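Working notes, structure below.
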Amino acid sequence: MIETPNLQWSALAPDLVLLGGAGLLLLVAVLLGGRTQRDVAVFIGLGCFIGSAATAIAIWDFGGGDWLVASEQLRVDRFGNGMRVIVAGAGVLTLLVAYGWDRMETRAAEFVALLLLAAVGMDLLAVANSFVSLFVALELFSITLYAMCAFDLTSRFSLESSLKYLVLGSVGSAVLLYGAAFLYGATGSFRFDEIAAALGDGAADDRLALAGTAMVLAGLAFKISAVPFHQWTPDVYDGAPTPVTGFMAAATKAVAFAVLLRVLLQALPAQADQWQPALATLAILSLIFGNVVALAQTNVKRMLAYSSIGHAGYLLTAVVAGSELGSSALLFYLAVYTAMTIGSFAAVAAREREIGGPVTLDTLRGWGFERPYLAGVMALSLLSLAGFPLTGGFLAKLVVWQAAVDADYTYLAVVGVVATAISLGYYLRIGFALFDRRDGAEPTPSVRRASGYPMVLAAGALSVVVILWLGLYPTDAIDWARDAARPFALGR
Amino acid sequence: MSPDVVPYLIVSGLLFVIGLAGVLLRRSPLTVLLSLEIMLNSANLALVAFSRHVGGHDGQVFALVVMGVAAAEVVVGLGLIVAMARRDLVLDTDQLRSLHG
């Protein structure tokens, strides 16, 4: 009798739904064509994402909310399930934004299949409990995203951004892998809990552990695009097709932060004295650099890319705190961040289709009078990104700073406030351009009607609902985030 | 650390640096992909060496997994290069600068 691993299928149900959908879609790609294929593919995709979120909520308390499955390679806990819901939400919004994209008229099923596979990788990354499952999940969604970035085969920008992403992303993965090898040499295990135990009782080789920690951090910093590992971000965000950019900006960043938190607090808590100052430095650099450079941008996608680098700084602040409050703040922030990021990219995607070219501050001028609803979505998303009161972004920043102050990192909160003040400079510039009615500010004419406009509007409306819900009635969401983040704290 | 794995780690470290230098300095996307493979395989060598150092087979199994992943990555990379060649883009990383960055 061969011993088989204990595989709890129900723990993997949210991922299996997505995986099954991807398989089905590859059949759809062969059997149907044109617009029928697009409608069926988007319908299946939406169904799979909603099913995935529903099963993730259904298994919220299974295994005591902290469930080791698949030979202890995966830890299906509340935090992981919360991330699965966020990824599914990002997937739903992305499908709605992508619906009217002209590539969807010919290759919809393949695109949705890739999107579902990327989501499977992200889900598995959020529940990884060893460097083996972490690496496989990370590469699953990274490789899928390289292909999605290149999806517009006729555009040299799309191809170029994909190649840049592939080369720099693979360097990040290789550095992470090398770090995992060092940690394995130091502790004799790939599993996070065993690594933590070996490092905690001093049985590990200190030099190897230090080298491993440093390289794992560098590899993950690539994925969260923290300064100075951010060089790929503006180019890739700018060149990739806009629906893909929105998905990458929101979901990739969310799960990369989730796994960073898991590695630091479940595998390397004994090294906290080393990684806390390192990450605090990265946070300050990201906050200042991202927000200052964004001021100089005129291309809206590049501006949002630098803004996302700046947001990596706020999120790193929550990680550095290393407390239960910090971890719940991170989860809450990621939920809001997903909604407001895709909300703003949805408007960019619609405008891009109307004018058939890049969206800059000039081409957005006066657009608010032509498309008040979508421009309103964009304005609200930007206000939330800037942290205006009554929006989810305000509360998210507040909780992060509270966590930083509680953990004696007051200076990070201070830098964060300064960075927020700087960021108003460019967020408000987009807002003013949208509703600019001065003489001579002729809006750039739309060369064609944006296809799939109702779908983009639906995505925008959903984002607005989430932003306002988390901003006005945050009690429930904060309680859930607390519940999910309980095990994520440094014991001191 | 047992002395018999140290030479392997030194070779692995050298390979990693050679791969990184290749990614940063070479201009042909094909050579860059090759260099990426060298980086991943240097990590494989380190994994197998550490596997011997700590005892057990986990590291060797992981090295096999990494080979599979690396193959998938190269497939996408080569596919991209073919797509670029079809569009008559110059295959030179110094000239791929239409996204100024």
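To be explicit about the labels: the chains of the structure tokens are called A, B, and onward in the order shown, and within each one the residues are counted from 1, while ligands get numbers from 1 in the order they are shown.
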
Closest pair table for chain B residues within 9 Å of chain A, only C-alpha atoms, as a tab-separated table:
```
residue	atom	partner	partner_atom	distance
B:Met1	CA	A:Asp205	CA	8.5
B:Phe16	CA	A:Tyr178	CA	8.8
B:Leu20	CA	A:Val171	CA	7.7
B:Val23	CA	A:Val167	CA	7.7
B:Pro29	CA	A:Leu163	CA	8.4
B:Val32	CA	A:Val167	CA	7.6
B:Leu33	CA	A:Val167	CA	7.5
B:Leu36	CA	A:Val171	CA	6.9
B:Met39	CA	A:Ala174	CA	6.2
B:Leu40	CA	A:Ala174	CA	5.5
B:Ser42	CA	A:Tyr178	CA	8.1
B:Ala43	CA	A:Tyr178	CA	5.0
B:Asn44	CA	A:Ala181	CA	8.3
B:Ala46	CA	A:Ala181	CA	6.3
B:Leu47	CA	A:Ala181	CA	5.2
B:Val48	CA	A:Ala181	CA	8.9
B:Ala49	CA	A:Gly185	CA	8.6
B:Phe50	CA	A:Gly185	CA	4.9
B:Ser51	CA	A:Gly185	CA	7.3
B:His53	CA	A:Gly185	CA	7.1
B:Val54	CA	A:Gly188	CA	5.4
B:Gly55	CA	A:Gly188	CA	7.8
B:Gly56	CA	A:Gly188	CA	8.5
B:Asp58	CA	A:Ser189	CA	7.7
B:Gly59	CA	A:Tyr184	CA	7.8
B:Phe62	CA	A:Val132	CA	6.4
B:Val65	CA	A:Val136	CA	7.9
B:Val66	CA	A:Val136	CA	8.0
B:Val69	CA	A:Glu139	CA	7.0
B:Ala70	CA	A:Glu139	CA	8.9
B:Ala72	CA	A:Ile143	CA	7.7
B:Glu73	CA	A:Ile143	CA	6.2
B:Val76	CA	A:Ala147	CA	6.8
B:Gly77	CA	A:Leu166	CA	7.1
B:Leu80	CA	A:Leu159	CA	6.9
B:Ile81	CA	A:Leu163	CA	8.2
B:Ala83	CA	A:Leu153	CA	7.1
B:Met84	CA	A:Leu159	CA	6.9
B:Arg87	CA	A:Thr154	CA	7.7
B:Leu89	CA	A:Arg156	CA	7.8
B:Leu96	CA	A:Glu160	CA	6.7
B:Arg97	CA	A:Glu160	CA	8.2
B:Ser98	CA	A:Phe157	CA	7.1
B:Leu99	CA	A:Asp235	CA	5.7
B:His100	CA	A:Asp235	CA	7.2
B:Gly101	CA	A:Asp235	CA	6.1
```

Written file, previous selection with C-alpha atoms, as a compact mmCIF listing (two decimals), in the first residue's frame:
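Once written, selection-v9.txt looks like this:
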```txt
# COMPACT_ATOMS: atom_id res chain seq x y z
CA MET B 1 28.76 22.88 7.28
CA PHE B 16 24.31 32.68 -10.32
CA LEU B 20 22.78 37.70 -13.51
CA VAL B 23 20.72 39.13 -18.00
CA PRO B 29 16.70 38.34 -25.87
CA VAL B 32 19.01 36.77 -21.87
CA LEU B 33 16.68 33.77 -21.68
CA LEU B 36 17.86 33.24 -16.82
CA MET B 39 20.36 31.50 -12.75
CA LEU B 40 17.58 29.00 -12.08
CA SER B 42 22.49 27.58 -10.17
CA ALA B 43 19.69 27.59 -7.60
CA ASN B 44 19.03 23.94 -8.48
CA ALA B 46 22.48 24.84 -4.48
CA LEU B 47 19.27 22.96 -3.64
CA VAL B 48 20.81 19.58 -4.39
CA ALA B 49 24.00 20.44 -2.51
CA PHE B 50 22.02 21.59 0.55
CA SER B 51 19.87 18.48 0.27
CA HIS B 53 24.16 18.75 3.58
CA VAL B 54 20.99 18.49 5.68
CA GLY B 55 20.07 14.91 4.68
CA GLY B 56 16.76 13.90 3.13
CA ASP B 58 13.30 17.47 -0.23
CA GLY B 59 15.87 19.61 -2.00
CA PHE B 62 12.27 20.73 -5.40
CA VAL B 65 9.96 20.88 -9.79
CA VAL B 66 12.06 23.94 -10.62
CA VAL B 69 8.71 25.47 -14.08
CA ALA B 70 11.81 26.77 -15.89
CA ALA B 72 7.34 26.48 -18.96
CA GLU B 73 8.90 29.90 -18.56
CA VAL B 76 6.52 31.61 -23.08
CA GLY B 77 9.76 33.51 -23.57
CA LEU B 80 7.30 36.02 -27.34
CA ILE B 81 10.52 36.18 -29.33
CA ALA B 83 5.93 36.92 -32.08
CA MET B 84 8.40 39.81 -32.09
CA ARG B 87 6.37 41.68 -36.37
CA LEU B 89 10.94 44.03 -34.34
CA LEU B 96 13.38 47.88 -27.26
CA ARG B 97 12.89 51.26 -25.72
CA SER B 98 9.63 52.52 -27.11
CA LEU B 99 8.46 52.32 -23.48
CA HIS B 100 10.95 54.83 -22.15
CA GLY B 101 11.99 53.61 -18.76
```

Surrounding residues of Gly431 in chain A excluding itself and chain neighbours under 4 positions, 12 Å, only C-alpha atoms, as a PDB file with N, CA, C and O atoms, in the first residue's frame:
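Output below, filename selection.pdb:
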```
ATOM      1  N   VAL A 300      -1.514  58.794 -18.073  1.00  0.00           N
ATOM      2  CA  VAL A 300      -2.253  58.405 -16.874  1.00  0.00           C
ATOM      3  C   VAL A 300      -1.870  57.005 -16.398  1.00  0.00           C
ATOM      4  O   VAL A 300      -1.770  56.746 -15.205  1.00  0.00           O
ATOM      5  N   SER A 344     -10.205  52.851 -11.327  1.00  0.00           N
ATOM      6  CA  SER A 344      -9.569  53.892 -12.127  1.00  0.00           C
ATOM      7  C   SER A 344      -9.109  53.340 -13.475  1.00  0.00           C
ATOM      8  O   SER A 344      -9.212  54.028 -14.497  1.00  0.00           O
ATOM      9  N   LEU A 361      -3.155  63.369 -19.628  1.00  0.00           N
ATOM     10  CA  LEU A 361      -3.936  64.429 -18.988  1.00  0.00           C
ATOM     11  C   LEU A 361      -4.659  65.256 -20.040  1.00  0.00           C
ATOM     12  O   LEU A 361      -5.795  65.691 -19.843  1.00  0.00           O
ATOM     13  N   LEU A 364      -7.740  63.512 -21.487  1.00  0.00           N
ATOM     14  CA  LEU A 364      -8.818  63.361 -20.508  1.00  0.00           C
ATOM     15  C   LEU A 364      -9.559  64.677 -20.277  1.00  0.00           C
ATOM     16  O   LEU A 364     -10.631  64.702 -19.689  1.00  0.00           O
ATOM     17  N   ARG A 365      -8.976  65.797 -20.759  1.00  0.00           N
ATOM     18  CA  ARG A 365      -9.522  67.107 -20.436  1.00  0.00           C
ATOM     19  C   ARG A 365     -10.974  67.242 -20.897  1.00  0.00           C
ATOM     20  O   ARG A 365     -11.297  67.011 -22.048  1.00  0.00           O
ATOM     21  N   GLY A 366     -11.846  67.586 -19.990  1.00  0.00           N
ATOM     22  CA  GLY A 366     -13.237  67.802 -20.342  1.00  0.00           C
ATOM     23  C   GLY A 366     -14.046  66.533 -20.540  1.00  0.00           C
ATOM     24  O   GLY A 366     -15.229  66.594 -20.872  1.00  0.00           O
ATOM     25  N   TRP A 367     -13.444  65.378 -20.305  1.00  0.00           N
ATOM     26  CA  TRP A 367     -14.146  64.115 -20.558  1.00  0.00           C
ATOM     27  C   TRP A 367     -15.304  63.936 -19.574  1.00  0.00           C
ATOM     28  O   TRP A 367     -16.299  63.278 -19.872  1.00  0.00           O
ATOM     29  N   GLY A 368     -15.200  64.567 -18.409  1.00  0.00           N
ATOM     30  CA  GLY A 368     -16.229  64.434 -17.380  1.00  0.00           C
ATOM     31  C   GLY A 368     -17.596  64.906 -17.833  1.00  0.00           C
ATOM     32  O   GLY A 368     -18.615  64.489 -17.292  1.00  0.00           O
ATOM     33  N   ALA A 375     -16.493  59.098 -15.544  1.00  0.00           N
ATOM     34  CA  ALA A 375     -15.541  60.053 -14.995  1.00  0.00           C
ATOM     35  C   ALA A 375     -15.755  60.177 -13.490  1.00  0.00           C
ATOM     36  O   ALA A 375     -14.800  60.351 -12.727  1.00  0.00           O
ATOM     37  N   GLY A 376     -17.023  60.069 -13.067  1.00  0.00           N
ATOM     38  CA  GLY A 376     -17.301  60.108 -11.625  1.00  0.00           C
ATOM     39  C   GLY A 376     -16.671  58.930 -10.919  1.00  0.00           C
ATOM     40  O   GLY A 376     -16.077  59.081  -9.838  1.00  0.00           O
ATOM     41  N   VAL A 377     -16.768  57.736 -11.516  1.00  0.00           N
ATOM     42  CA  VAL A 377     -16.124  56.556 -10.940  1.00  0.00           C
ATOM     43  C   VAL A 377     -14.633  56.799 -10.795  1.00  0.00           C
ATOM     44  O   VAL A 377     -14.022  56.537  -9.753  1.00  0.00           O
ATOM     45  N   MET A 378     -14.036  57.337 -11.870  1.00  0.00           N
ATOM     46  CA  MET A 378     -12.599  57.567 -11.835  1.00  0.00           C
ATOM     47  C   MET A 378     -12.246  58.576 -10.756  1.00  0.00           C
ATOM     48  O   MET A 378     -11.303  58.377  -9.981  1.00  0.00           O
ATOM     49  N   ALA A 379     -13.028  59.666 -10.689  1.00  0.00           N
ATOM     50  CA  ALA A 379     -12.731  60.698  -9.687  1.00  0.00           C
ATOM     51  C   ALA A 379     -12.837  60.111  -8.283  1.00  0.00           C
ATOM     52  O   ALA A 379     -11.972  60.350  -7.433  1.00  0.00           O
ATOM     53  N   LEU A 380     -13.865  59.312  -8.023  1.00  0.00           N
ATOM     54  CA  LEU A 380     -14.027  58.745  -6.689  1.00  0.00           C
ATOM     55  C   LEU A 380     -12.885  57.770  -6.377  1.00  0.00           C
ATOM     56  O   LEU A 380     -12.334  57.773  -5.272  1.00  0.00           O
ATOM     57  N   SER A 381     -12.500  56.942  -7.379  1.00  0.00           N
ATOM     58  CA  SER A 381     -11.378  56.019  -7.159  1.00  0.00           C
ATOM     59  C   SER A 381     -10.111  56.786  -6.819  1.00  0.00           C
ATOM     60  O   SER A 381      -9.354  56.398  -5.931  1.00  0.00           O
ATOM     61  N   LEU A 382      -9.883  57.889  -7.542  1.00  0.00           N
ATOM     62  CA  LEU A 382      -8.669  58.662  -7.300  1.00  0.00           C
ATOM     63  C   LEU A 382      -8.719  59.324  -5.926  1.00  0.00           C
ATOM     64  O   LEU A 382      -7.719  59.368  -5.205  1.00  0.00           O
ATOM     65  N   LEU A 383      -9.902  59.835  -5.544  1.00  0.00           N
ATOM     66  CA  LEU A 383     -10.027  60.433  -4.206  1.00  0.00           C
ATOM     67  C   LEU A 383      -9.738  59.384  -3.148  1.00  0.00           C
ATOM     68  O   LEU A 383      -9.091  59.654  -2.134  1.00  0.00           O
ATOM     69  N   SER A 384     -10.228  58.147  -3.387  1.00  0.00           N
ATOM     70  CA  SER A 384      -9.993  57.085  -2.426  1.00  0.00           C
ATOM     71  C   SER A 384      -8.508  56.721  -2.382  1.00  0.00           C
ATOM     72  O   SER A 384      -7.946  56.503  -1.307  1.00  0.00           O
ATOM     73  N   ALA A 386      -6.158  58.735  -2.927  1.00  0.00           N
ATOM     74  CA  ALA A 386      -5.504  59.832  -2.226  1.00  0.00           C
ATOM     75  C   ALA A 386      -5.860  59.833  -0.746  1.00  0.00           C
ATOM     76  O   ALA A 386      -5.236  60.544   0.035  1.00  0.00           O
ATOM     77  N   LEU A 424      -1.609  64.106  -3.380  1.00  0.00           N
ATOM     78  CA  LEU A 424      -2.765  64.921  -3.772  1.00  0.00           C
ATOM     79  C   LEU A 424      -2.458  65.700  -5.034  1.00  0.00           C
ATOM     80  O   LEU A 424      -3.345  65.922  -5.866  1.00  0.00           O
ATOM     81  N   GLY A 425      -1.183  66.104  -5.202  1.00  0.00           N
ATOM     82  CA  GLY A 425      -0.781  66.904  -6.347  1.00  0.00           C
ATOM     83  C   GLY A 425      -1.182  66.254  -7.655  1.00  0.00           C
ATOM     84  O   GLY A 425      -1.724  66.917  -8.539  1.00  0.00           O
ATOM     85  N   TYR A 426      -0.936  64.939  -7.810  1.00  0.00           N
ATOM     86  CA  TYR A 426      -1.256  64.344  -9.115  1.00  0.00           C
ATOM     87  C   TYR A 426      -2.661  63.762  -9.165  1.00  0.00           C
ATOM     88  O   TYR A 426      -3.308  63.787 -10.211  1.00  0.00           O
ATOM     89  N   TYR A 427      -3.186  63.240  -8.035  1.00  0.00           N
ATOM     90  CA  TYR A 427      -4.549  62.714  -8.093  1.00  0.00           C
ATOM     91  C   TYR A 427      -5.532  63.837  -8.444  1.00  0.00           C
ATOM     92  O   TYR A 427      -6.425  63.680  -9.266  1.00  0.00           O
ATOM     93  N   PHE A 435     -12.827  67.482 -15.269  1.00  0.00           N
ATOM     94  CA  PHE A 435     -13.947  68.426 -15.217  1.00  0.00           C
ATOM     95  C   PHE A 435     -13.468  69.843 -15.527  1.00  0.00           C
ATOM     96  O   PHE A 435     -13.869  70.796 -14.884  1.00  0.00           O
ATOM     97  N   ASP A 436     -12.602  69.946 -16.528  1.00  0.00           N
ATOM     98  CA  ASP A 436     -12.037  71.234 -16.904  1.00  0.00           C
ATOM     99  C   ASP A 436     -12.900  71.849 -17.999  1.00  0.00           C
ATOM    100  O   ASP A 436     -13.075  71.269 -19.068  1.00  0.00           O
TER     101      ASP A 436
END
```

Range 84-96 of chain A surroundings by only C-alpha atoms, 6 Å radius, close-in-sequence under 2 positions cut, as a PyMOL selection string: chain A and resi 46+49+53+81-82+98-99+123+243+251+455-456+459

Emit the selected residues as a PDB file, in the first residue's frame, including C-alpha atoms.
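Written output follows (result.pdb):
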```
ATOM      1  CA  LEU A  46     -17.956  35.380 -14.078  1.00  0.00           C
ATOM      2  CA  PHE A  49     -15.109  33.728  -9.974  1.00  0.00           C
ATOM      3  CA  ALA A  53     -15.565  33.464  -3.787  1.00  0.00           C
ATOM      4  CA  ASN A  81      -9.696  32.581   2.184  1.00  0.00           C
ATOM      5  CA  GLY A  82     -10.024  36.344   2.524  1.00  0.00           C
ATOM      6  CA  ALA A  98     -12.138  43.458 -20.721  1.00  0.00           C
ATOM      7  CA  TYR A  99     -15.521  42.668 -22.312  1.00  0.00           C
ATOM      8  CA  ASP A 123      -5.135  31.628  -4.668  1.00  0.00           C
ATOM      9  CA  PRO A 243      -7.621  45.351 -18.544  1.00  0.00           C
ATOM     10  CA  ALA A 251      -4.520  41.221  -7.685  1.00  0.00           C
ATOM     11  CA  MET A 455     -19.950  46.491 -18.876  1.00  0.00           C
ATOM     12  CA  VAL A 456     -17.182  48.958 -18.020  1.00  0.00           C
ATOM     13  CA  ALA A 459     -17.305  47.357 -13.201  1.00  0.00           C
TER      14      ALA A 459
END
```

Selection: 6 Å around Thr391 in chain A, only C-alpha atoms, excl. self and same-chain fewer than 5 positions, as a list in words: Ser384, Ile467, Leu468 and Gly471 of chain A

Serialized selection, all heavy atoms, as a JSON list (two decimals), in the first residue's frame:
```json
[["chain", "number", "residue", "atom", "x", "y", "z"],
["A", 384, "SER", "N", -10.23, 58.15, -3.39],
["A", 384, "SER", "CA", -9.99, 57.09, -2.43],
["A", 384, "SER", "C", -8.51, 56.72, -2.38],
["A", 384, "SER", "O", -7.95, 56.50, -1.31],
["A", 384, "SER", "CB", -10.85, 55.88, -2.80],
["A", 384, "SER", "OG", -10.62, 54.84, -1.90],
["A", 467, "ILE", "N", -15.89, 50.72, -2.53],
["A", 467, "ILE", "CA", -15.15, 51.82, -1.92],
["A", 467, "ILE", "C", -16.01, 52.52, -0.87],
["A", 467, "ILE", "O", -15.56, 52.81, 0.25],
["A", 467, "ILE", "CB", -14.69, 52.83, -2.99],
["A", 467, "ILE", "CG1", -13.63, 52.21, -3.90],
["A", 467, "ILE", "CG2", -14.14, 54.09, -2.34],
["A", 467, "ILE", "CD1", -13.31, 53.05, -5.11],
["A", 468, "LEU", "N", -17.27, 52.79, -1.23],
["A", 468, "LEU", "CA", -18.13, 53.52, -0.29],
["A", 468, "LEU", "C", -18.55, 52.64, 0.88],
["A", 468, "LEU", "O", -18.62, 53.10, 2.02],
["A", 468, "LEU", "CB", -19.37, 54.04, -1.02],
["A", 468, "LEU", "CG", -19.09, 55.20, -1.98],
["A", 468, "LEU", "CD1", -20.37, 55.65, -2.65],
["A", 468, "LEU", "CD2", -18.44, 56.37, -1.25],
["A", 471, "GLY", "N", -15.84, 52.50, 3.17],
["A", 471, "GLY", "CA", -15.57, 53.81, 3.75],
["A", 471, "GLY", "C", -16.62, 54.23, 4.75],
["A", 471, "GLY", "O", -16.33, 54.88, 5.75]]
```

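Note that the spacing between CA of Ile44 in chain A and CA of Leu26 in chain A amounts to 11.5 Å.
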
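Computed from the coordinates, the CA of Gly64 in chain A to CA of Ala329 in chain A distance equals 22.5 Å.
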
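Each of A:Met83, A:Leu412, A:Val40, A:Ala240 was compared to Met104 in chain A using only C-alpha atoms, and A:Val40 turns out to be the nearest.
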
Where in range 53-286 of chain A does DSSP assign alpha helix (DSSP H), given as a ChimeraX atom specification? /A:53-58,78-98,104-126,131-149,156-187,192-200,206-224,232-239,242-247,253-262,272-286

Spatial neighbours of Gln271 in chain A, max dist 12 Å, only C-alpha atoms, sep filter under 3 positions, as a PyMOL selection string: chain A and resi 183+195-202+204+206-207+209-214+217+263-268+274-278+322+490

Take CA of Leu331 in chain A and CA of Ala485 in chain A and report the distance between them in Å, one decimal. 7.8 Å

For Leu295 in chain A, work out the shell of residues within 12 Å, counting only C-alpha atoms and skipping chain neighbours fewer than 5 positions away, then give it as a PyMOL selection string. chain A and resi 288-290+300+302-307+310+361+419+421-430
